[in-house]
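Novice: Once you've had a glance at the structure underneath, I'll fire off some questions.
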Amino acid sequence: MAKYIFVTGGVVSSLGKGIAAASIGCLLESRGLTVTLQKFDPYLNVDPGTMSPFQHGEVFVTDDGAETDLDLGHYERFTHSKLTQLNNVTSGRIYEQIIQRERRGDYLGKTVQVIPHVTNEIKSAVRRVSADVDVVIVEIGGTVGDIESLPFLEAIRQIRHEKGRQECIFVHVTLVPWIAAAQELKTKPTQHSVKELRAIGVQPDILLCRSERPIPQDMKEKIALFCDVAVPAVITASDVSSVYEVPLVFAAEGVDDIILKQLEFGSRAKPRNLDCWSRMLEDLRSPDDSVSIGLVGKYVEYEDSYKSLKEALIHGGLAHRLKVDIHWIEAEGVQGDGWEKQLEGFDAILVPGGFGKRGVEGMINSIRYAREQKVPYFGICLGMQTMVIEYARNVCGLARAHSSEFDPGTPDRVIYKLRELKGVDELGGTMRLGAWPCVLKPESVAARTYGVTEISERHRHRYEFNREYEALLTGAGLRITGQTPDGTYVEVCELADHPWFLGCQFHPEFKSKPMEPHPLFRSFVAAAYEHRRRRLAGPLLRGVEFSSAD
């Protein structure tokens with residue numbers, strides 16, 4: 001039977017509950033336990049698929065096609081848990097299921113209420129992910145005191161009541177702020193947060209106290225006394241330079257030991273082994289060199305919009321002990337006189353995914369610059385589509401070539417709407433989503449990079465390469481090097497006469513991990529470093545050989 005860890009947050013949002021949950025999962029895996037993680041989001045959207053990246057950040061996609069909260073990306077990067085649509089549940093989905101049942105008459109005429117019907121549905125969602133694992137870690141979105149979070153908090157209170165303290169732990173992430181005027185850390189926000197939580201009937205077992213500075217022992221004792229928590233369970237969760245340090249910070253504070261003792265795992269748990277994680281962090285802290293990559297996107301003022309992409313580039317650098325300096329370039333600004341100046345000096349250029357017309361012309365200019373100046377280029381999703389548009393316009397002579405998403409009246413729709421979606425106007429859940437197989441052409445950059453010719457990658461898009469233009473484009477030099485096994489969809493495009501120029505319709509960033517960098521990002525960063533070496537006419541890193549297929 002699985003045991004449960006529920007992670008809540010107090011005082012303010014953005015304290016890092018997702019990183020905390022993922023780090024606890026990482027620690028428990030290092031002790032030989034199997035874990036899964038789940039996120040409860042209190043908002044009424046059924047899923048984040050239709051929410052603005054500026055408001056919500058990236059939408060993370062699972063193998064089964066679920067559009068989920070970005071915290072699921074943290075969960076997969078920090079652990080080996082395989083997540084599905086069951087691992088992200090919103091209030092909207094809970095209420096949708098209840099209303100459907102009520103309309104069918106499943107409740108036999110009863111009055112449908114928050115308790116027990118909503119809370120029972122939440123508890124059922126927890127049970128659905130509990131098979132075949134030792135521990136289920138559930139993060140409750142929002143902040144204690146929010147009205148919309150109350151049904152989730154009541155549900156976990158009931159689970160604790162039903163299971164007992166040996167089966168269920170409450171971890172509360174809170175804030176101990178440093179007040180500069182007083183030159184003091186203050187515990188009152190944490191005290192009030194725990195008071196609010198206890199009023200609901202939830203008594204935390206562990207407090208993860210976010211702070212800019214180490215919390216002294218006497219202050220931990222004060223927090224423990226006022227919050228009715230054991231002193232060793234008051235944990236300093238201080239700021240770190242990289243999120244990948246958090247598991248080691250928690251390990252130093254003994255978080256995993258506290259959890260294992262309360263959940264009574266005893267001899268089932270192995271000694272902690274974070275050696276590989278520590279070596280990865282050492283490579284991250286002490287790189288041998290660096291590369292600079294220009295990321296030309298439309299949501300760059302909010303970096304969480306590209307969270308998995310940013311992490312995947314870091315992972316690609318880790319594979320070669322290189323620091324990746326990401327320069328965020330607003331696509332709308334890469335137009336007008338002198339736009340080329342914005343792209344000079346980068347070792348590589350990347351255009352990520354996105355929706356809508358804004359910034360597309362700037363992306364196309366950036367791609368033309370990378371193609372003509374022989375700068376390594378990586379296009380992901382929209383980045384592949386704009387790569388095709390640029391090639392059709394500037395190499396094949398189709399001056400008005402475009403995607404029907406951006407110009408429905410274009411005479412040359414080199415990118416057009418997915419066949420299955422013609423006539424479908426709804427936005428939510430109507431894309432090509434989740435993992436799809438792809439066959440790579442032998443001897444292509446993609447095949448050499450992956451080391452195999454059959455792969456599976458995750459998708460999130462509505463528009464595709466129009467194969468009516470395939471002969472024209474390939475005749476002019478564009479290579480189609482990846483497609484679905486049945487030949488329906490084009491998945492990868494490359495240029496042969498370029499150091500590294502590749503676009504993929506899928507999102508490889510979703511499958512990259514710090515100790516398992518995705519092959520495409522590993523190869524892309526290697527190509528960027530090779531370009532840097534040639535551009536600066538400097539020596540290659542001693543003892544390291546790079547190639548476009550590394």
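Note on naming: chains are A, B, ... as they come in the structure tokens, residues start from 1 per chain, ligands start from 1 in the order shown.
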Which parts of stretch 329-407 of chain A does DSSP call strand (DSSP E) when run on the backbone here, written out as a list in words?

Specialist: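 For stretch 329-407 of chain A, the strand (DSSP E) set is Ile329, Glu330, Ala348, Ile349, Leu350, Val351, Tyr377, Phe378, Gly379, Ile380, His402 and Ser403 of chain A.
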
Novice: If we count only C-alpha atoms and set the cut-off at 10 Å, which residues sit around A:Glu282, ignoring sequence neighbours fewer than 5 positions away in its own chain? Please answer as an MDAnalysis selection string.

Specialist: chainID A and resid 276:277 287 318 321

Novice: Write the selection just made, keeping N, CA, C and O atoms, as a PDB file, in the first residue's frame?

Specialist:
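part_37.pdb, written as the output of this step:
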```pdb
ATOM      1  N   CYS A 276      25.899  10.523  -7.878  1.00  0.00           N
ATOM      2  CA  CYS A 276      25.733  10.979  -9.271  1.00  0.00           C
ATOM      3  C   CYS A 276      25.179  12.392  -9.312  1.00  0.00           C
ATOM      4  O   CYS A 276      25.598  13.220 -10.131  1.00  0.00           O
ATOM      5  N   TRP A 277      24.237  12.673  -8.412  1.00  0.00           N
ATOM      6  CA  TRP A 277      23.649  14.014  -8.360  1.00  0.00           C
ATOM      7  C   TRP A 277      24.714  15.043  -7.961  1.00  0.00           C
ATOM      8  O   TRP A 277      24.780  16.127  -8.536  1.00  0.00           O
ATOM      9  N   PRO A 287      32.134  24.687 -14.883  1.00  0.00           N
ATOM     10  CA  PRO A 287      32.261  24.343 -16.309  1.00  0.00           C
ATOM     11  C   PRO A 287      33.649  24.677 -16.831  1.00  0.00           C
ATOM     12  O   PRO A 287      34.361  25.513 -16.269  1.00  0.00           O
ATOM     13  N   LEU A 318      25.735  20.526 -19.711  1.00  0.00           N
ATOM     14  CA  LEU A 318      26.306  19.607 -18.729  1.00  0.00           C
ATOM     15  C   LEU A 318      26.999  18.423 -19.394  1.00  0.00           C
ATOM     16  O   LEU A 318      28.015  17.925 -18.896  1.00  0.00           O
ATOM     17  N   ARG A 321      30.401  19.730 -20.026  1.00  0.00           N
ATOM     18  CA  ARG A 321      30.984  20.626 -19.018  1.00  0.00           C
ATOM     19  C   ARG A 321      31.049  22.064 -19.550  1.00  0.00           C
ATOM     20  O   ARG A 321      32.061  22.772 -19.401  1.00  0.00           O
TER      21      ARG A 321
END
```

Novice: Using only C-alpha atoms, which residue out of A:Pro519, A:Pro48, A:Gly105, A:Pro437 lies closest to A:His459?

Specialist: A:Pro437

Novice: List as a ChimeraX atom specification the protein and nucleic acid residues near A:Leu72, meaning an atom at most 8 Å away when only C-alpha atoms are counted, but skip any in the same chain fewer than 6 places from it.

Specialist: /A:37-39,60,83,87-88

Novice: Pull N, CA, C and O atoms from the residues just selected and write them as a PDB file, in the first residue's frame.

Specialist:
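Writing done, so here's again_20.pdb:
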```pdb
ATOM      1  N   LEU A  37       4.375  11.458  -8.344  1.00  0.00           N
ATOM      2  CA  LEU A  37       4.003  12.787  -7.874  1.00  0.00           C
ATOM      3  C   LEU A  37       2.737  13.247  -8.573  1.00  0.00           C
ATOM      4  O   LEU A  37       2.481  12.875  -9.727  1.00  0.00           O
ATOM      5  N   GLN A  38       1.975  14.065  -7.883  1.00  0.00           N
ATOM      6  CA  GLN A  38       0.699  14.545  -8.402  1.00  0.00           C
ATOM      7  C   GLN A  38       0.541  16.012  -8.033  1.00  0.00           C
ATOM      8  O   GLN A  38       0.960  16.437  -6.954  1.00  0.00           O
ATOM      9  N   LYS A  39      -0.055  16.787  -8.931  1.00  0.00           N
ATOM     10  CA  LYS A  39      -0.297  18.211  -8.680  1.00  0.00           C
ATOM     11  C   LYS A  39      -1.787  18.478  -8.709  1.00  0.00           C
ATOM     12  O   LYS A  39      -2.479  18.119  -9.665  1.00  0.00           O
ATOM     13  N   PHE A  60       3.318  21.807 -19.813  1.00  0.00           N
ATOM     14  CA  PHE A  60       4.109  20.588 -19.926  1.00  0.00           C
ATOM     15  C   PHE A  60       3.207  19.473 -20.458  1.00  0.00           C
ATOM     16  O   PHE A  60       2.056  19.347 -20.051  1.00  0.00           O
ATOM     17  N   LEU A  83       4.772  10.122 -15.663  1.00  0.00           N
ATOM     18  CA  LEU A  83       3.541  10.830 -15.338  1.00  0.00           C
ATOM     19  C   LEU A  83       2.542  10.788 -16.490  1.00  0.00           C
ATOM     20  O   LEU A  83       2.918  10.695 -17.653  1.00  0.00           O
ATOM     21  N   ASN A  87      -1.852  12.586 -13.166  1.00  0.00           N
ATOM     22  CA  ASN A  87      -0.938  13.230 -12.219  1.00  0.00           C
ATOM     23  C   ASN A  87      -1.124  14.734 -12.122  1.00  0.00           C
ATOM     24  O   ASN A  87      -0.416  15.380 -11.353  1.00  0.00           O
ATOM     25  N   ASN A  88      -2.055  15.303 -12.873  1.00  0.00           N
ATOM     26  CA  ASN A  88      -2.378  16.729 -12.751  1.00  0.00           C
ATOM     27  C   ASN A  88      -3.894  16.876 -12.767  1.00  0.00           C
ATOM     28  O   ASN A  88      -4.544  16.534 -13.758  1.00  0.00           O
TER      29      ASN A  88
END
```

Novice: Between A:Leu28, A:Ile169, A:Val388, A:Val126, which residue has the minimum interatomic distance to A:Leu263, considering only C-alpha atoms?

Specialist: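 Checking each of A:Leu28, A:Ile169, A:Val388, A:Val126 against A:Leu263, counting only C-alpha atoms, the winner is A:Ile169.
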
Novice: May I ask for the distance between atom CA of A:Met384 and atom CA of A:Cys504, given in Å to one decimal place?

Specialist: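 It comes out at 5.5 Å.
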
Novice: List the neighbours of stretch 128-145 of chain A out to 9 Å using only C-alpha atoms; skip same-chain residues closer than 3 positions along the sequence, and give me the result as number ranges by chain.

Specialist: A: 1-14, 17-18, 21-22, 24-25, 28, 33-43, 86-87, 123-125, 148-150, 152-153, 193-194, 196-197

Novice: Going by DSSP on the backbone, which residues of stretch 309-446 of chain A come out as alpha helix (DSSP H)? List them as a short mmCIF file (atom, residue, chain, number, x, y, z; two decimals) with all heavy atoms, in the first residue's frame.

Specialist:
```
data_model
loop_
_atom_site.label_atom_id
_atom_site.label_comp_id
_atom_site.auth_asym_id
_atom_site.auth_seq_id
_atom_site.Cartn_x
_atom_site.Cartn_y
_atom_site.Cartn_z
N LEU A 309 12.55 24.12 -21.81
CA LEU A 309 13.55 24.43 -22.84
C LEU A 309 14.82 24.99 -22.21
O LEU A 309 15.94 24.59 -22.56
CB LEU A 309 12.96 25.44 -23.83
CG LEU A 309 13.82 25.86 -25.00
CD1 LEU A 309 14.25 24.66 -25.81
CD2 LEU A 309 13.07 26.86 -25.87
N LYS A 310 14.65 25.90 -21.26
CA LYS A 310 15.81 26.46 -20.56
C LYS A 310 16.59 25.35 -19.86
O LYS A 310 17.83 25.30 -19.94
CB LYS A 310 15.33 27.50 -19.54
CG LYS A 310 16.44 28.10 -18.70
CD LYS A 310 15.87 29.08 -17.68
CE LYS A 310 16.96 29.63 -16.78
NZ LYS A 310 16.40 30.57 -15.76
N GLU A 311 15.87 24.46 -19.17
CA GLU A 311 16.55 23.38 -18.45
C GLU A 311 17.24 22.42 -19.43
O GLU A 311 18.35 21.94 -19.17
CB GLU A 311 15.55 22.61 -17.58
CG GLU A 311 14.90 23.45 -16.49
CD GLU A 311 15.91 24.10 -15.57
OE1 GLU A 311 16.86 23.41 -15.14
OE2 GLU A 311 15.78 25.31 -15.28
N ALA A 312 16.60 22.12 -20.57
CA ALA A 312 17.19 21.20 -21.54
C ALA A 312 18.49 21.76 -22.11
O ALA A 312 19.44 21.01 -22.38
CB ALA A 312 16.20 20.90 -22.65
N LEU A 313 18.56 23.08 -22.32
CA LEU A 313 19.80 23.69 -22.79
C LEU A 313 20.89 23.58 -21.73
O LEU A 313 22.06 23.31 -22.04
CB LEU A 313 19.55 25.16 -23.15
CG LEU A 313 18.79 25.40 -24.46
CD1 LEU A 313 18.33 26.84 -24.55
CD2 LEU A 313 19.64 25.02 -25.66
N ILE A 314 20.52 23.76 -20.47
CA ILE A 314 21.48 23.57 -19.38
C ILE A 314 21.99 22.13 -19.38
O ILE A 314 23.18 21.87 -19.24
CB ILE A 314 20.85 23.93 -18.03
CG1 ILE A 314 20.57 25.44 -17.96
CG2 ILE A 314 21.74 23.50 -16.87
CD1 ILE A 314 19.77 25.87 -16.76
N HIS A 315 21.06 21.17 -19.57
CA HIS A 315 21.45 19.76 -19.60
C HIS A 315 22.42 19.49 -20.76
O HIS A 315 23.38 18.75 -20.62
CB HIS A 315 20.22 18.87 -19.76
CG HIS A 315 19.18 19.09 -18.71
ND1 HIS A 315 17.87 18.66 -18.87
CD2 HIS A 315 19.24 19.70 -17.50
CE1 HIS A 315 17.18 19.00 -17.79
NE2 HIS A 315 17.98 19.63 -16.96
N GLY A 316 22.12 20.10 -21.92
CA GLY A 316 23.00 19.92 -23.07
C GLY A 316 24.40 20.41 -22.79
O GLY A 316 25.39 19.82 -23.23
N GLY A 317 24.50 21.51 -22.02
CA GLY A 317 25.81 22.01 -21.64
C GLY A 317 26.50 21.09 -20.64
O GLY A 317 27.72 20.87 -20.72
N LEU A 318 25.74 20.53 -19.71
CA LEU A 318 26.31 19.61 -18.73
C LEU A 318 27.00 18.42 -19.39
O LEU A 318 28.02 17.92 -18.90
CB LEU A 318 25.21 19.09 -17.79
CG LEU A 318 24.80 19.99 -16.63
CD1 LEU A 318 23.53 19.47 -15.97
CD2 LEU A 318 25.93 20.12 -15.62
N VAL A 360 6.36 36.41 -35.68
CA VAL A 360 6.74 35.38 -36.65
C VAL A 360 7.74 35.93 -37.68
O VAL A 360 8.70 35.23 -38.05
CB VAL A 360 5.48 34.81 -37.34
CG1 VAL A 360 5.86 34.02 -38.60
CG2 VAL A 360 4.72 33.92 -36.37
N GLU A 361 7.54 37.16 -38.13
CA GLU A 361 8.47 37.71 -39.13
C GLU A 361 9.87 37.87 -38.54
O GLU A 361 10.88 37.67 -39.23
CB GLU A 361 7.96 39.05 -39.65
CG GLU A 361 6.66 38.94 -40.46
CD GLU A 361 6.79 38.01 -41.66
OE1 GLU A 361 7.85 38.01 -42.31
OE2 GLU A 361 5.81 37.28 -41.95
N GLY A 362 9.96 38.20 -37.27
CA GLY A 362 11.26 38.28 -36.62
C GLY A 362 11.92 36.91 -36.52
O GLY A 362 13.15 36.78 -36.65
N MET A 363 11.12 35.87 -36.27
CA MET A 363 11.66 34.52 -36.26
C MET A 363 12.20 34.14 -37.63
O MET A 363 13.28 33.55 -37.75
CB MET A 363 10.57 33.53 -35.83
CG MET A 363 10.08 33.70 -34.42
SD MET A 363 8.74 32.55 -34.05
CE MET A 363 8.34 33.05 -32.37
N ILE A 364 11.45 34.47 -38.67
CA ILE A 364 11.88 34.14 -40.04
C ILE A 364 13.18 34.87 -40.37
O ILE A 364 14.10 34.29 -40.98
CB ILE A 364 10.76 34.50 -41.04
CG1 ILE A 364 9.56 33.55 -40.83
CG2 ILE A 364 11.26 34.43 -42.48
CD1 ILE A 364 8.32 33.94 -41.61
N ASN A 365 13.30 36.14 -39.96
CA ASN A 365 14.56 36.86 -40.17
C ASN A 365 15.73 36.18 -39.45
O ASN A 365 16.83 36.05 -39.99
CB ASN A 365 14.43 38.30 -39.66
CG ASN A 365 13.61 39.18 -40.60
OD1 ASN A 365 13.43 38.85 -41.77
ND2 ASN A 365 13.09 40.27 -40.06
N SER A 366 15.47 35.74 -38.22
CA SER A 366 16.52 35.08 -37.43
C SER A 366 16.99 33.80 -38.09
O SER A 366 18.19 33.47 -38.11
CB SER A 366 16.01 34.79 -36.02
OG SER A 366 15.60 35.98 -35.38
N ILE A 367 16.04 33.06 -38.64
CA ILE A 367 16.37 31.79 -39.30
C ILE A 367 17.18 32.05 -40.56
O ILE A 367 18.15 31.33 -40.86
CB ILE A 367 15.08 31.00 -39.61
CG1 ILE A 367 14.40 30.62 -38.29
CG2 ILE A 367 15.38 29.76 -40.44
CD1 ILE A 367 12.97 30.16 -38.46
N ARG A 368 16.78 33.07 -41.32
CA ARG A 368 17.55 33.41 -42.53
C ARG A 368 18.98 33.78 -42.17
O ARG A 368 19.94 33.34 -42.83
CB ARG A 368 16.88 34.57 -43.27
CG ARG A 368 17.62 34.93 -44.56
CD ARG A 368 16.88 35.96 -45.38
NE ARG A 368 17.51 36.13 -46.68
CZ ARG A 368 17.01 36.87 -47.66
NH1 ARG A 368 15.85 37.49 -47.49
NH2 ARG A 368 17.66 36.99 -48.80
N TYR A 369 19.13 34.55 -41.09
CA TYR A 369 20.47 34.94 -40.64
C TYR A 369 21.29 33.69 -40.30
O TYR A 369 22.44 33.55 -40.72
CB TYR A 369 20.35 35.85 -39.43
CG TYR A 369 21.67 36.30 -38.86
CD1 TYR A 369 22.28 37.47 -39.28
CD2 TYR A 369 22.31 35.54 -37.88
CE1 TYR A 369 23.50 37.88 -38.76
CE2 TYR A 369 23.53 35.94 -37.35
CZ TYR A 369 24.12 37.11 -37.80
OH TYR A 369 25.33 37.51 -37.29
N ALA A 370 20.71 32.76 -39.53
CA ALA A 370 21.43 31.55 -39.14
C ALA A 370 21.80 30.71 -40.35
O ALA A 370 22.90 30.14 -40.42
CB ALA A 370 20.59 30.73 -38.16
N ARG A 371 20.89 30.63 -41.33
CA ARG A 371 21.16 29.82 -42.52
C ARG A 371 22.27 30.43 -43.36
O ARG A 371 23.20 29.73 -43.78
CB ARG A 371 19.88 29.69 -43.36
CG ARG A 371 20.06 28.88 -44.64
CD ARG A 371 18.74 28.70 -45.36
NE ARG A 371 18.09 29.95 -45.70
CZ ARG A 371 18.39 30.71 -46.75
NH1 ARG A 371 19.39 30.34 -47.57
NH2 ARG A 371 17.74 31.82 -46.99
N GLU A 372 22.20 31.73 -43.59
CA GLU A 372 23.17 32.37 -44.47
C GLU A 372 24.52 32.57 -43.81
O GLU A 372 25.55 32.50 -44.48
CB GLU A 372 22.61 33.72 -44.94
CG GLU A 372 21.38 33.58 -45.84
CD GLU A 372 20.81 34.91 -46.30
OE1 GLU A 372 21.18 35.96 -45.71
OE2 GLU A 372 19.99 34.91 -47.23
N LEU A 382 6.98 25.49 -33.68
CA LEU A 382 6.86 26.68 -34.52
C LEU A 382 8.20 27.02 -35.14
O LEU A 382 8.27 27.54 -36.26
CB LEU A 382 6.34 27.86 -33.69
CG LEU A 382 6.21 29.20 -34.42
CD1 LEU A 382 5.26 29.10 -35.60
CD2 LEU A 382 5.75 30.29 -33.44
N GLY A 383 9.29 26.72 -34.43
CA GLY A 383 10.62 26.97 -34.97
C GLY A 383 10.92 26.15 -36.21
O GLY A 383 11.69 26.58 -37.08
N MET A 384 10.34 24.94 -36.33
CA MET A 384 10.48 24.17 -37.56
C MET A 384 9.57 24.74 -38.64
O MET A 384 9.94 24.84 -39.82
CB MET A 384 10.15 22.69 -37.34
CG MET A 384 10.51 21.84 -38.56
SD MET A 384 9.76 20.19 -38.62
CE MET A 384 8.26 20.52 -39.55
N GLN A 385 8.36 25.12 -38.27
CA GLN A 385 7.42 25.66 -39.25
C GLN A 385 7.94 26.94 -39.87
O GLN A 385 7.87 27.13 -41.10
CB GLN A 385 6.06 25.89 -38.58
CG GLN A 385 5.40 24.60 -38.10
CD GLN A 385 4.12 24.85 -37.33
OE1 GLN A 385 3.65 25.98 -37.22
NE2 GLN A 385 3.53 23.79 -36.79
N THR A 386 8.48 27.84 -39.05
CA THR A 386 9.03 29.09 -39.59
C THR A 386 10.29 28.82 -40.40
O THR A 386 10.59 29.55 -41.35
CB THR A 386 9.32 30.09 -38.46
OG1 THR A 386 10.00 29.42 -37.38
CG2 THR A 386 8.05 30.70 -37.93
N MET A 387 11.02 27.78 -40.06
CA MET A 387 12.18 27.37 -40.85
C MET A 387 11.75 26.97 -42.26
O MET A 387 12.39 27.35 -43.27
CB MET A 387 12.87 26.21 -40.14
CG MET A 387 13.88 25.43 -40.95
SD MET A 387 14.53 24.06 -39.95
CE MET A 387 15.17 22.98 -41.23
N VAL A 388 10.65 26.25 -42.37
CA VAL A 388 10.13 25.84 -43.68
C VAL A 388 9.64 27.06 -44.46
O VAL A 388 9.88 27.20 -45.67
CB VAL A 388 9.01 24.80 -43.51
CG1 VAL A 388 8.31 24.53 -44.85
CG2 VAL A 388 9.56 23.51 -42.92
N ILE A 389 8.95 27.97 -43.76
CA ILE A 389 8.45 29.18 -44.42
C ILE A 389 9.61 30.00 -44.96
O ILE A 389 9.58 30.49 -46.10
CB ILE A 389 7.60 30.02 -43.43
CG1 ILE A 389 6.34 29.25 -43.03
CG2 ILE A 389 7.24 31.37 -44.04
CD1 ILE A 389 5.59 29.87 -41.86
N GLU A 390 10.66 30.18 -44.14
CA GLU A 390 11.82 30.96 -44.57
C GLU A 390 12.46 30.35 -45.80
O GLU A 390 12.82 31.06 -46.75
CB GLU A 390 12.83 31.02 -43.42
CG GLU A 390 13.99 31.98 -43.66
CD GLU A 390 15.10 31.41 -44.54
OE1 GLU A 390 15.35 30.18 -44.47
OE2 GLU A 390 15.72 32.19 -45.31
N TYR A 391 12.58 29.03 -45.82
CA TYR A 391 13.22 28.36 -46.95
C TYR A 391 12.37 28.49 -48.21
O TYR A 391 12.89 28.73 -49.31
CB TYR A 391 13.45 26.89 -46.61
CG TYR A 391 14.59 26.26 -47.39
CD1 TYR A 391 15.90 26.48 -47.02
CD2 TYR A 391 14.32 25.46 -48.50
CE1 TYR A 391 16.95 25.91 -47.73
CE2 TYR A 391 15.36 24.88 -49.22
CZ TYR A 391 16.68 25.12 -48.83
OH TYR A 391 17.71 24.55 -49.54
N ALA A 392 11.06 28.37 -48.04
CA ALA A 392 10.16 28.50 -49.20
C ALA A 392 10.24 29.90 -49.79
O ALA A 392 10.25 30.07 -51.02
CB ALA A 392 8.73 28.17 -48.78
N ARG A 393 10.32 30.91 -48.94
CA ARG A 393 10.37 32.29 -49.42
C ARG A 393 11.71 32.64 -50.06
O ARG A 393 11.77 33.16 -51.19
CB ARG A 393 10.12 33.26 -48.25
CG ARG A 393 8.71 33.32 -47.74
CD ARG A 393 8.63 34.38 -46.64
NE ARG A 393 7.31 34.45 -46.03
CZ ARG A 393 6.98 35.29 -45.06
NH1 ARG A 393 7.90 36.14 -44.59
NH2 ARG A 393 5.76 35.30 -44.55
N ASN A 394 12.78 32.38 -49.33
CA ASN A 394 14.08 32.94 -49.70
C ASN A 394 14.97 32.03 -50.52
O ASN A 394 15.97 32.48 -51.08
CB ASN A 394 14.82 33.38 -48.43
CG ASN A 394 14.04 34.44 -47.66
OD1 ASN A 394 13.52 35.39 -48.24
ND2 ASN A 394 13.95 34.27 -46.35
N VAL A 445 21.62 13.93 -39.61
CA VAL A 445 22.12 14.44 -38.34
C VAL A 445 21.26 13.90 -37.19
O VAL A 445 21.77 13.50 -36.15
CB VAL A 445 22.12 15.99 -38.34
CG1 VAL A 445 22.37 16.53 -36.93
CG2 VAL A 445 23.17 16.52 -39.30
N ALA A 446 19.95 13.87 -37.41
CA ALA A 446 19.05 13.38 -36.36
C ALA A 446 19.35 11.93 -36.01
O ALA A 446 19.45 11.56 -34.83
CB ALA A 446 17.60 13.53 -36.80
#
```
